[in-house]
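One structure is given below, encoded as structure tokens.
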Amino acid sequence: MDLNTSRELAAIAVEAARAVGDQLRGAFRSRPEVKTKRDFHDPVTEHDKAAEERIREVLDRLCPGSVVEGEEGGVRGEGDIRWYVDPIDGTANFAAGLPFFCTSIGAVVDGKVVAGTVYDPVRDDEFTASLDGAFCNGKPIRSSGARTDREAVLLSSFPTPRDLAAGGDEALHRFARMVNAFASTRRPGSAALKLAHVAAGWSDVAYGTHVNAWDVAAGSLLVERAGGTYIPLSGDIFTPGGYLACVGGFDLAGSVMAEVSTARGVS
């Protein structure tokens, strides 16, 4: 994959994400009807589905002959380029009116993420990554910040109800260790946007469980191209599971998160 093609794919991802920006801003804080998928902790709205269809239209037009795998519509198409699309990452926030959600689109070629965007429509923040680097609103970003837990901000969705069901007291004890170790621990939702904030150096560590490729494809490349560290705890981003990311220079070996980073297969 050459740099020019990677940049072109990143630009296509941006155009597709921005194509639904007005729609999502217009629907935000309208208290849309919420339905559920796996259980009542897993919401979906009509806007998730409509946004994904619009994104598919743009990708089909700008990059014909590719595969699109979306959270809502599954896999469609054939080709060497595969797009992973989450039209609204952070649906629960979007539906409730909390301004922490995004659109995430990543491009994969030969099993590697080569371009992507994470677009925050509320703040109009456009994070893009290609093999040429990582950018926010067109300006290069570097993933740098705290070096130790006691200085750092942790963004984590852990423990989820699934973690509590599987791990019980141990999940709570792990969370307690994190809260006690870090200067601040926050649970804002949206894996993709948390990764974008780590890439920009606005937060220091992000940890989550039970994610899919559409949640983290673009964000993982953002972190890596910005100079941070991204670890897929399931072995790769295409296998559902957990993830851990931190800014460049963070002492992961000396962190309470070391127990997570060494426990590959954590879901």
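Residues in the structure tokens are numbered from 1 in each chain, the chains being A, B, ... in the order shown, and ligands are numbered from 1 in the order shown.
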
Residue list (strand (DSSP E or B), DSSP) for range 4-204 of chain A, as an MDAnalysis selection string: chainID A and resid 35:36 43:44 67:70 74:76 81:89 102:109 112:120 125:130 133:136 139:140 144 153:156 184:186

Dump as a CSV table (one decimal), in the first residue's frame, selection limited to C-alpha atoms:
chain,number,residue,atom,x,y,z
A,35,LYS,CA,-34.8,-0.3,20.4
A,36,THR,CA,-32.4,-2.9,21.6
A,43,PRO,CA,-29.5,0.3,22.1
A,44,VAL,CA,-30.0,1.2,18.5
A,67,VAL,CA,-16.5,-4.6,0.9
A,68,VAL,CA,-18.4,-2.7,3.6
A,69,GLU,CA,-18.9,-4.3,7.0
A,70,GLY,CA,-21.2,-2.2,9.2
A,74,GLY,CA,-23.5,-6.6,8.2
A,75,VAL,CA,-21.2,-7.4,5.2
A,76,ARG,CA,-21.9,-6.4,1.6
A,81,ILE,CA,-10.6,-3.0,0.2
A,82,ARG,CA,-12.7,-3.7,3.2
A,83,TRP,CA,-14.4,-0.8,5.1
A,84,TYR,CA,-15.4,-1.2,8.8
A,85,VAL,CA,-18.2,1.2,9.6
A,86,ASP,CA,-19.8,2.2,12.9
A,87,PRO,CA,-22.3,5.0,12.0
A,88,ILE,CA,-22.8,6.0,15.7
A,89,ASP,CA,-20.3,4.7,18.1
A,102,CYS,CA,-18.9,9.7,16.8
A,103,THR,CA,-18.8,8.1,13.4
A,104,SER,CA,-16.0,5.6,12.8
A,105,ILE,CA,-14.8,4.3,9.4
A,106,GLY,CA,-11.7,2.3,8.8
A,107,ALA,CA,-10.2,0.9,5.6
A,108,VAL,CA,-8.4,-2.5,5.6
A,109,VAL,CA,-6.2,-3.9,2.8
A,112,LYS,CA,-4.0,-4.3,7.8
A,113,VAL,CA,-5.8,-1.0,8.7
A,114,VAL,CA,-4.4,1.6,6.2
A,115,ALA,CA,-6.7,4.6,6.6
A,116,GLY,CA,-9.6,5.8,8.7
A,117,THR,CA,-11.5,8.6,10.3
A,118,VAL,CA,-13.2,9.2,13.6
A,119,TYR,CA,-15.6,12.1,13.2
A,120,ASP,CA,-17.2,13.9,16.2
A,125,ASP,CA,-13.6,17.3,15.2
A,126,GLU,CA,-12.3,15.3,12.3
A,127,PHE,CA,-9.6,12.8,13.3
A,128,THR,CA,-8.0,11.1,10.3
A,129,ALA,CA,-5.2,8.6,10.0
A,130,SER,CA,-3.3,7.2,7.0
A,133,GLY,CA,0.3,10.1,10.0
A,134,ALA,CA,-2.5,11.2,12.2
A,135,PHE,CA,-4.4,14.5,12.1
A,136,CYS,CA,-7.2,16.4,13.9
A,139,LYS,CA,-3.2,19.4,11.9
A,140,PRO,CA,-0.8,16.7,12.9
A,144,SER,CA,1.9,12.2,24.3
A,153,VAL,CA,-6.4,10.0,32.9
A,154,LEU,CA,-7.9,6.6,32.2
A,155,LEU,CA,-10.9,6.3,29.9
A,156,SER,CA,-12.6,3.0,30.4
A,184,SER,CA,-8.7,10.3,37.2
A,185,THR,CA,-10.9,7.6,35.7
A,186,ARG,CA,-13.8,8.4,33.4

Between CA of Arg18 in chain A and CA of Glu57 in chain A - distance in Å to one decimal: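 Distance between the two atoms: 12.7 Å.
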
Residue nearest Pro188 in chain A among A:Pro232, A:Gly227, A:Pro99, A:Gly111 (counting only C-alpha atoms):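 Looking at the shortest contact to Pro188 in chain A, the residue is A:Pro99.
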
Who sits within 12 Å of Arg187 in chain A, only C-alpha atoms, same chain under 2 positions skipped, as a list in words: Gly90, Asn93, Phe100, Val153, Leu154, Leu155, Ser156, Ser157, Phe158, Pro159, Thr160, Phe175, Val179, Ser184, Thr185, Gly189, Ser190, Ala191, Leu193, Lys194, Val205, Ala206, Tyr207 and Gly208 of chain A

Atomic distance CA of Leu24 in chain A - CA of Val122 in chain A, expressed in Å with one decimal: 8.5 Å

Surrounding residues of Ala27 in chain A excluding itself and chain neighbours under 5 positions, 9 Å, only C-alpha atoms, as a PyMOL selection string: chain A and resi 22+32+47+94-95

Backbone DSSP call of alpha helix (DSSP H) for range 205-256 of chain A, listed as number ranges by chain: A: 213-225

Could the residues in this selection be written to a file with C-alpha atoms, as a JSON list (two decimals), in the first residue's frame?
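Resulting contents of out_33.json:
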[["chain", "number", "residue", "atom", "x", "y", "z"],
["A", 213, "ALA", "CA", -13.58, -4.23, 14.39],
["A", 214, "TRP", "CA", -15.96, -1.43, 13.44],
["A", 215, "ASP", "CA", -15.47, 0.07, 16.92],
["A", 216, "VAL", "CA", -11.68, 0.19, 16.85],
["A", 217, "ALA", "CA", -10.30, -0.10, 13.30],
["A", 218, "ALA", "CA", -9.96, 3.63, 12.68],
["A", 219, "GLY", "CA", -9.08, 4.47, 16.28],
["A", 220, "SER", "CA", -6.31, 1.88, 16.48],
["A", 221, "LEU", "CA", -4.59, 3.39, 13.44],
["A", 222, "LEU", "CA", -5.00, 6.89, 14.86],
["A", 223, "VAL", "CA", -3.22, 5.88, 18.06],
["A", 224, "GLU", "CA", -0.43, 4.06, 16.28],
["A", 225, "ARG", "CA", 0.23, 6.73, 13.65]]

Length of the CA of Ile231 in chain A to CA of Gly201 in chain A vector [Å]: 17.0 Å
